[in-house]
Structure formats: C-alpha cells, structure tokens
Amino acid sequence: MTDAFAGDGGRPDPAEPGRAWVFGDNIDTDQITPSRFIVSSDPDELASHAFEDLRPEFSGSVETGDFVVAGENFGSGSSREHSPLSLVGAGVSAVVAQSFARIFFRNAINLGLPVLICPGADAIEDGDEIHVDLDAGVVTNHTRDETYEAEALPEFLQSLVEQGGLKAYTKAKLDG
C-alpha cells in the first residue's frame, strides 16, 4: 500500500490503487459511525469505530489509501460530520457510490474527502483493487480490468478537496 498523498490536505491520493470495501444501499451515518461513539471529534478515535456494527473487521484492516464503495443513498441520516470524519481518520482515499445523501456528500467535501457518484459502482466487488481519476471522473478496477464513468467533481469542489477541505481552502484564500 502506498503512502502517497494528494495536495496540501495530507489526504491519500485517489489516483493510487487501493482495496475496495464494498457496502450496499442505504448505508446511513449510524452504520458508518455508530452514534454511541460521537462523543469525540477526533478522526483517529472515530476511525477506530467506523462500520463497527456493520463490518467489525473494517477498522482493524482498512489501510491508508483504501476506498469505500457503495450502492444508492450512501450516508443518509444525521447531518453530523462524524461519519465522513471517521473515514478521513481511517485513511480512506475516496468514497465511490451510486448515489449519496446530499448532506453526507457536502460534509465529505468540506472535510477534504473525495466522493464520486458512479452508476457502475455495483460492478465493483469487495477486495477489488481500484483507483480514481478525479479530474476525468473515471474509476478503474484493476482486478477486473474495467473502467466506470463517474461524475467528475466540479473544479471548485476539486479545489476544496485538494486543499484538505473548506477550512484549509478558506485559510489559503485569506492568507493568499
């Protein structure tokens, strides 16, 4: 697994291959980060509980640069930032899903976590090695030698992600 990072945000580079952790449809924020653990806002602490009730092995096995892949309506439920923050803490490179709950999508971008809407995400299987081209909006599955079209993030949202999220982006603009 690579330790390559993108931009100034210190995030893993989605252009580097990583393992796909595949989840189904309607994964809500309590399944991503169980509400009993939201007493902390520390990304590392939250990461230790990511998907704890759904996939207990996730937090102990996920590696920096891995990807979360899901079906429809990923991140529904609470508007708390704890769920995308737990994925940031876990070192997840990006989340690829067929669709997202809008608030999760926005929270992820604000925290510098790339999220891509990819209608073909259901073709990716757990353990496949994938990478993402954020500029082109393409997900490449190295295991199956396939590519899937995704919706590329608009340039402004890409710049937020590259800077490490809204706070870092705003600070860079003000320091500018």
# chains A, B, ... in the order shown; residues from 1 in each chain; ligands from 1
>>> closest_atom_pairs(of="region 86-171 of chain A", to="region 59-72 of chain A", cutoff="10 Å", atoms="only C-alpha atoms", output="Markdown table")
| residue | atom | partner | partner_atom | distance |
| --- | --- | --- | --- | --- |
| A:Ser86 | CA | A:Ser59 | CA | 9.7 |
| A:Leu87 | CA | A:Val68 | CA | 8.6 |
| A:Val88 | CA | A:Thr64 | CA | 9.4 |
| A:Gly89 | CA | A:Thr64 | CA | 9.2 |
| A:Ala90 | CA | A:Thr64 | CA | 6.8 |
| A:Gly91 | CA | A:Thr64 | CA | 4.2 |
| A:Val92 | CA | A:Asp66 | CA | 5.1 |
| A:Ser93 | CA | A:Gly65 | CA | 4.6 |
| A:Ala94 | CA | A:Phe67 | CA | 5.4 |
| A:Val95 | CA | A:Val68 | CA | 4.8 |
| A:Val96 | CA | A:Val69 | CA | 4.7 |
| A:Ala97 | CA | A:Ala70 | CA | 4.5 |
| A:Gln98 | CA | A:Gly71 | CA | 4.9 |
| A:Ser99 | CA | A:Glu72 | CA | 4.7 |
| A:Phe100 | CA | A:Glu72 | CA | 6.6 |
| A:Ala101 | CA | A:Glu72 | CA | 8.7 |
| A:Val115 | CA | A:Val68 | CA | 9.5 |
| A:Leu116 | CA | A:Val69 | CA | 9.6 |
| A:Ile117 | CA | A:Glu72 | CA | 9.4 |
| A:Cys118 | CA | A:Gly71 | CA | 9.0 |
| A:Pro119 | CA | A:Gly71 | CA | 8.5 |
| A:Gly120 | CA | A:Gly71 | CA | 9.2 |
| A:Ala121 | CA | A:Val69 | CA | 6.7 |
| A:Asp122 | CA | A:Gly71 | CA | 6.2 |
| A:Ala123 | CA | A:Gly71 | CA | 10.0 |
| A:Ile124 | CA | A:Val69 | CA | 7.6 |
| A:Glu125 | CA | A:Val69 | CA | 8.7 |
| A:Asp126 | CA | A:Val69 | CA | 8.4 |
| A:Gly127 | CA | A:Asp66 | CA | 9.7 |
| A:Asp128 | CA | A:Phe67 | CA | 9.8 |
| A:Glu129 | CA | A:Asp66 | CA | 8.7 |
| A:Ile130 | CA | A:Phe67 | CA | 7.8 |
| A:His131 | CA | A:Phe67 | CA | 8.2 |
| A:Val132 | CA | A:Phe67 | CA | 9.4 |
>>> select_by_dssp(residues="region 12-162 of chain A", states="alpha helix (DSSP H)", output="PyMOL selection string")
chain A and resi 29-32+43-47+58-61+82-89+102-110+155-162
>>> closest_residue(among="A:Gln158, A:Ser48, A:Gln31, A:Ser40", to="Asn110 (chain A)", atoms="only C-alpha atoms")
A:Gln158
>>> select_by_dssp(residues="chain A", states="strand (DSSP E)", output="CSV table (one decimal) with all heavy atoms, in the first residue's frame")
chain,number,residue,atom,x,y,z
A,5,PHE,N,0.2,11.0,-1.0
A,5,PHE,CA,-0.8,11.9,-0.6
A,5,PHE,C,-1.0,13.0,-1.6
A,5,PHE,O,-0.1,13.3,-2.3
A,5,PHE,CB,-0.5,12.6,0.8
A,5,PHE,CG,-0.6,11.6,1.9
A,5,PHE,CD1,0.4,10.7,2.3
A,5,PHE,CD2,-1.8,11.6,2.7
A,5,PHE,CE1,0.2,9.8,3.3
A,5,PHE,CE2,-2.0,10.7,3.7
A,5,PHE,CZ,-1.0,9.8,4.1
A,6,ALA,N,-2.2,13.4,-1.7
A,6,ALA,CA,-2.6,14.4,-2.7
A,6,ALA,C,-2.6,15.8,-2.1
A,6,ALA,O,-3.1,16.0,-1.0
A,6,ALA,CB,-3.9,14.1,-3.4
A,11,ARG,N,-4.1,14.2,2.5
A,11,ARG,CA,-5.0,13.0,2.2
A,11,ARG,C,-4.4,12.0,1.3
A,11,ARG,O,-3.6,12.4,0.4
A,11,ARG,CB,-6.3,13.5,1.6
A,11,ARG,CG,-7.1,14.5,2.5
A,11,ARG,CD,-8.0,13.8,3.5
A,11,ARG,NE,-8.8,12.8,2.9
A,11,ARG,CZ,-8.8,11.5,3.3
A,11,ARG,NH1,-8.0,11.1,4.3
A,11,ARG,NH2,-9.5,10.6,2.7
A,12,PRO,N,-4.8,10.8,1.4
A,12,PRO,CA,-4.3,9.8,0.4
A,12,PRO,C,-4.7,10.2,-1.0
A,12,PRO,O,-5.7,10.8,-1.2
A,12,PRO,CB,-5.0,8.5,0.8
A,12,PRO,CG,-5.5,8.7,2.2
A,12,PRO,CD,-5.7,10.2,2.4
A,18,GLY,N,-6.0,1.1,-4.4
A,18,GLY,CA,-6.2,0.7,-3.1
A,18,GLY,C,-7.4,-0.4,-3.1
A,18,GLY,O,-8.0,-0.6,-4.1
A,19,ARG,N,-7.6,-1.0,-2.0
A,19,ARG,CA,-8.6,-2.0,-1.8
A,19,ARG,C,-10.0,-1.4,-1.8
A,19,ARG,O,-10.2,-0.3,-1.1
A,19,ARG,CB,-8.4,-2.8,-0.5
A,19,ARG,CG,-9.4,-3.9,-0.3
A,19,ARG,CD,-9.3,-4.3,1.2
A,19,ARG,NE,-9.9,-5.6,1.5
A,19,ARG,CZ,-11.2,-5.7,1.7
A,19,ARG,NH1,-12.0,-4.7,1.6
A,19,ARG,NH2,-11.7,-6.9,1.9
A,20,ALA,N,-11.0,-2.0,-2.4
A,20,ALA,CA,-12.4,-1.6,-2.3
A,20,ALA,C,-13.1,-2.3,-1.2
A,20,ALA,O,-13.0,-3.5,-1.1
A,20,ALA,CB,-13.1,-1.9,-3.6
A,21,TRP,N,-13.6,-1.5,-0.3
A,21,TRP,CA,-14.5,-2.1,0.8
A,21,TRP,C,-15.9,-1.8,0.3
A,21,TRP,O,-16.3,-0.6,0.2
A,21,TRP,CB,-14.2,-1.4,2.1
A,21,TRP,CG,-12.9,-1.7,2.7
A,21,TRP,CD1,-11.7,-1.1,2.4
A,21,TRP,CD2,-12.7,-2.7,3.7
A,21,TRP,NE1,-10.7,-1.7,3.2
A,21,TRP,CE2,-11.3,-2.7,4.0
A,21,TRP,CE3,-13.5,-3.6,4.4
A,21,TRP,CZ2,-10.7,-3.5,4.9
A,21,TRP,CZ3,-12.9,-4.4,5.3
A,21,TRP,CH2,-11.5,-4.4,5.5
A,22,VAL,N,-16.7,-2.8,0.0
A,22,VAL,CA,-18.0,-2.7,-0.7
A,22,VAL,C,-19.1,-2.8,0.3
A,22,VAL,O,-19.1,-3.8,1.1
A,22,VAL,CB,-18.1,-3.6,-1.8
A,22,VAL,CG1,-19.5,-3.5,-2.5
A,22,VAL,CG2,-17.0,-3.4,-2.9
A,67,PHE,N,-10.5,2.4,-0.4
A,67,PHE,CA,-11.7,3.0,-0.9
A,67,PHE,C,-12.9,2.4,-0.3
A,67,PHE,O,-13.0,1.2,-0.1
A,67,PHE,CB,-11.8,2.9,-2.4
A,67,PHE,CG,-10.8,3.6,-3.2
A,67,PHE,CD1,-9.5,3.0,-3.4
A,67,PHE,CD2,-11.0,4.9,-3.7
A,67,PHE,CE1,-8.5,3.7,-4.1
A,67,PHE,CE2,-10.0,5.5,-4.4
A,67,PHE,CZ,-8.8,4.9,-4.6
A,68,VAL,N,-14.0,3.2,0.0
A,68,VAL,CA,-15.3,2.8,0.3
A,68,VAL,C,-16.1,2.8,-0.9
A,68,VAL,O,-16.1,3.9,-1.6
A,68,VAL,CB,-15.9,3.6,1.5
A,68,VAL,CG1,-17.4,3.2,1.7
A,68,VAL,CG2,-15.1,3.3,2.8
A,69,VAL,N,-16.8,1.8,-1.3
A,69,VAL,CA,-17.7,1.7,-2.5
A,69,VAL,C,-19.0,1.3,-2.0
A,69,VAL,O,-19.2,0.4,-1.2
A,69,VAL,CB,-17.1,0.7,-3.5
A,69,VAL,CG1,-18.0,0.6,-4.7
A,69,VAL,CG2,-15.7,1.1,-3.9
A,70,ALA,N,-20.1,1.9,-2.5
A,70,ALA,CA,-21.4,1.6,-2.0
A,70,ALA,C,-22.5,1.8,-3.1
A,70,ALA,O,-22.2,2.3,-4.2
A,70,ALA,CB,-21.8,2.5,-0.8
A,94,ALA,N,-11.1,7.7,-1.0
A,94,ALA,CA,-12.3,8.3,-1.6
A,94,ALA,C,-13.5,7.4,-1.3
A,94,ALA,O,-13.3,6.2,-1.1
A,94,ALA,CB,-12.2,8.5,-3.1
A,95,VAL,N,-14.7,7.9,-1.5
A,95,VAL,CA,-15.9,7.1,-1.4
A,95,VAL,C,-16.6,7.2,-2.8
A,95,VAL,O,-16.8,8.3,-3.4
A,95,VAL,CB,-16.9,7.6,-0.4
A,95,VAL,CG1,-18.2,6.8,-0.3
A,95,VAL,CG2,-16.3,7.7,1.0
A,96,VAL,N,-16.8,6.0,-3.3
A,96,VAL,CA,-17.5,5.9,-4.7
A,96,VAL,C,-18.8,5.2,-4.4
A,96,VAL,O,-18.9,4.1,-3.8
A,96,VAL,CB,-16.6,5.0,-5.6
A,96,VAL,CG1,-17.3,4.8,-6.9
A,96,VAL,CG2,-15.2,5.6,-5.8
A,97,ALA,N,-19.9,5.8,-4.8
A,97,ALA,CA,-21.2,5.3,-4.6
A,97,ALA,C,-22.1,5.6,-5.8
A,97,ALA,O,-21.9,6.5,-6.5
A,97,ALA,CB,-21.8,5.8,-3.3
A,115,VAL,N,-15.6,12.3,-3.0
A,115,VAL,CA,-16.8,11.5,-3.1
A,115,VAL,C,-17.2,11.5,-4.6
A,115,VAL,O,-17.2,12.6,-5.2
A,115,VAL,CB,-18.0,11.9,-2.2
A,115,VAL,CG1,-17.7,11.5,-0.8
A,115,VAL,CG2,-18.2,13.4,-2.3
A,116,LEU,N,-17.4,10.4,-5.2
A,116,LEU,CA,-17.8,10.3,-6.6
A,116,LEU,C,-19.1,9.5,-6.8
A,116,LEU,O,-19.2,8.4,-6.3
A,116,LEU,CB,-16.7,9.7,-7.4
A,116,LEU,CG,-15.6,10.6,-7.8
A,116,LEU,CD1,-14.5,10.6,-6.8
A,116,LEU,CD2,-15.1,10.2,-9.2
A,117,ILE,N,-20.0,10.1,-7.6
A,117,ILE,CA,-21.2,9.4,-7.9
A,117,ILE,C,-20.9,8.6,-9.2
A,117,ILE,O,-20.4,9.1,-10.2
A,117,ILE,CB,-22.3,10.4,-8.2
A,117,ILE,CG1,-22.7,11.2,-7.0
A,117,ILE,CG2,-23.6,9.6,-8.8
A,117,ILE,CD1,-23.6,12.3,-7.2
A,129,GLU,N,-9.0,-4.2,-6.5
A,129,GLU,CA,-8.1,-3.0,-6.4
A,129,GLU,C,-8.6,-2.0,-7.4
A,129,GLU,O,-8.7,-2.3,-8.6
A,129,GLU,CB,-6.7,-3.5,-6.7
A,129,GLU,CG,-5.7,-2.4,-6.6
A,129,GLU,CD,-4.3,-2.9,-6.8
A,129,GLU,OE1,-3.6,-3.3,-5.8
A,129,GLU,OE2,-3.8,-2.9,-8.0
A,130,ILE,N,-8.8,-0.8,-6.9
A,130,ILE,CA,-9.3,0.3,-7.8
A,130,ILE,C,-8.5,1.6,-7.6
A,130,ILE,O,-7.7,1.7,-6.6
A,130,ILE,CB,-10.8,0.6,-7.5
A,130,ILE,CG1,-11.0,1.2,-6.1
A,130,ILE,CG2,-11.7,-0.7,-7.7
A,130,ILE,CD1,-12.4,1.7,-5.9
A,131,HIS,N,-8.6,2.5,-8.5
A,131,HIS,CA,-8.2,3.9,-8.3
A,131,HIS,C,-9.1,4.8,-9.0
A,131,HIS,O,-10.0,4.4,-9.8
A,131,HIS,CB,-6.7,4.1,-8.7
A,131,HIS,CG,-6.5,4.4,-10.2
A,131,HIS,ND1,-6.3,3.4,-11.1
A,131,HIS,CD2,-6.6,5.5,-10.9
A,131,HIS,CE1,-6.2,4.0,-12.3
A,131,HIS,NE2,-6.4,5.3,-12.2
A,132,VAL,N,-9.0,6.1,-8.7
A,132,VAL,CA,-10.0,7.1,-9.2
A,132,VAL,C,-9.2,8.2,-9.8
A,132,VAL,O,-8.2,8.7,-9.3
A,132,VAL,CB,-10.8,7.6,-8.0
A,132,VAL,CG1,-11.7,8.8,-8.5
A,132,VAL,CG2,-11.7,6.5,-7.4
A,133,ASP,N,-9.7,8.6,-11.0
A,133,ASP,CA,-9.2,9.8,-11.6
A,133,ASP,C,-10.2,10.9,-11.4
A,133,ASP,O,-11.3,10.9,-12.0
A,133,ASP,CB,-9.0,9.6,-13.1
A,133,ASP,CG,-8.4,10.8,-13.9
A,133,ASP,OD1,-8.7,12.0,-13.4
A,133,ASP,OD2,-7.8,10.6,-14.9
A,138,VAL,N,-13.3,9.0,-13.6
A,138,VAL,CA,-13.2,7.6,-14.0
A,138,VAL,C,-12.7,6.8,-12.9
A,138,VAL,O,-11.8,7.2,-12.2
A,138,VAL,CB,-12.3,7.5,-15.2
A,138,VAL,CG1,-12.1,6.0,-15.6
A,138,VAL,CG2,-12.9,8.2,-16.4
A,139,VAL,N,-13.4,5.7,-12.6
A,139,VAL,CA,-12.9,4.7,-11.6
A,139,VAL,C,-12.4,3.5,-12.4
A,139,VAL,O,-13.1,3.0,-13.3
A,139,VAL,CB,-14.1,4.2,-10.7
A,139,VAL,CG1,-13.7,3.2,-9.7
A,139,VAL,CG2,-14.7,5.4,-10.0
A,140,THR,N,-11.2,3.1,-12.1
A,140,THR,CA,-10.5,2.0,-12.8
A,140,THR,C,-10.5,0.8,-11.8
A,140,THR,O,-10.0,1.0,-10.7
A,140,THR,CB,-9.1,2.4,-13.3
A,140,THR,OG1,-9.2,3.4,-14.2
A,140,THR,CG2,-8.4,1.2,-14.0
A,141,ASN,N,-11.0,-0.3,-12.2
A,141,ASN,CA,-10.9,-1.6,-11.5
A,141,ASN,C,-9.8,-2.4,-12.0
A,141,ASN,O,-9.9,-3.0,-13.1
A,141,ASN,CB,-12.3,-2.3,-11.5
A,141,ASN,CG,-12.3,-3.5,-10.6
A,141,ASN,OD1,-11.3,-4.1,-10.4
A,141,ASN,ND2,-13.5,-3.7,-10.1
A,146,GLU,N,-11.6,-3.2,-15.7
A,146,GLU,CA,-12.7,-2.4,-16.2
A,146,GLU,C,-12.6,-1.0,-15.7
A,146,GLU,O,-11.9,-0.7,-14.8
A,146,GLU,CB,-14.0,-3.0,-15.6
A,146,GLU,CG,-14.3,-4.4,-16.0
A,146,GLU,CD,-15.5,-5.1,-15.3
A,146,GLU,OE1,-16.0,-4.5,-14.3
A,146,GLU,OE2,-16.0,-6.1,-15.8
A,147,THR,N,-13.3,-0.1,-16.4
A,147,THR,CA,-13.4,1.3,-16.0
A,147,THR,C,-14.9,1.6,-16.0
A,147,THR,O,-15.7,1.1,-16.7
A,147,THR,CB,-12.7,2.2,-17.0
A,147,THR,OG1,-13.2,2.1,-18.3
A,147,THR,CG2,-11.2,2.0,-17.0
A,148,TYR,N,-15.2,2.6,-15.1
A,148,TYR,CA,-16.6,3.0,-14.9
A,148,TYR,C,-16.6,4.5,-14.9
A,148,TYR,O,-15.8,5.2,-14.2
A,148,TYR,CB,-17.1,2.5,-13.5
A,148,TYR,CG,-16.7,1.1,-13.2
A,148,TYR,CD1,-15.7,0.8,-12.3
A,148,TYR,CD2,-17.4,0.0,-13.8
A,148,TYR,CE1,-15.4,-0.5,-12.0
A,148,TYR,CE2,-17.0,-1.3,-13.6
A,148,TYR,CZ,-16.0,-1.6,-12.6
A,148,TYR,OH,-15.6,-2.8,-12.4
A,149,GLU,N,-17.6,5.1,-15.6
A,149,GLU,CA,-17.7,6.5,-15.6
A,149,GLU,C,-18.4,7.0,-14.3
A,149,GLU,O,-19.3,6.4,-13.9
A,149,GLU,CB,-18.5,7.0,-16.8
A,149,GLU,CG,-17.8,6.9,-18.1
A,149,GLU,CD,-18.5,7.5,-19.3
A,149,GLU,OE1,-19.1,8.6,-19.1
A,149,GLU,OE2,-18.5,6.9,-20.3
>>> closest_residue(among="A:Asp135, A:Glu155, A:Asp25, A:Glu81", to="Pro43 (chain A)", atoms="only C-alpha atoms")
A:Glu81
>>> atom_distance(atom1="CA of Ile32 (chain A)", atom2="CA of Phe51 (chain A)")
4.6 Å
>>> atom_distance(atom1="CA of Gly165 (chain A)", atom2="CA of Ala50 (chain A)")
20.2 Å
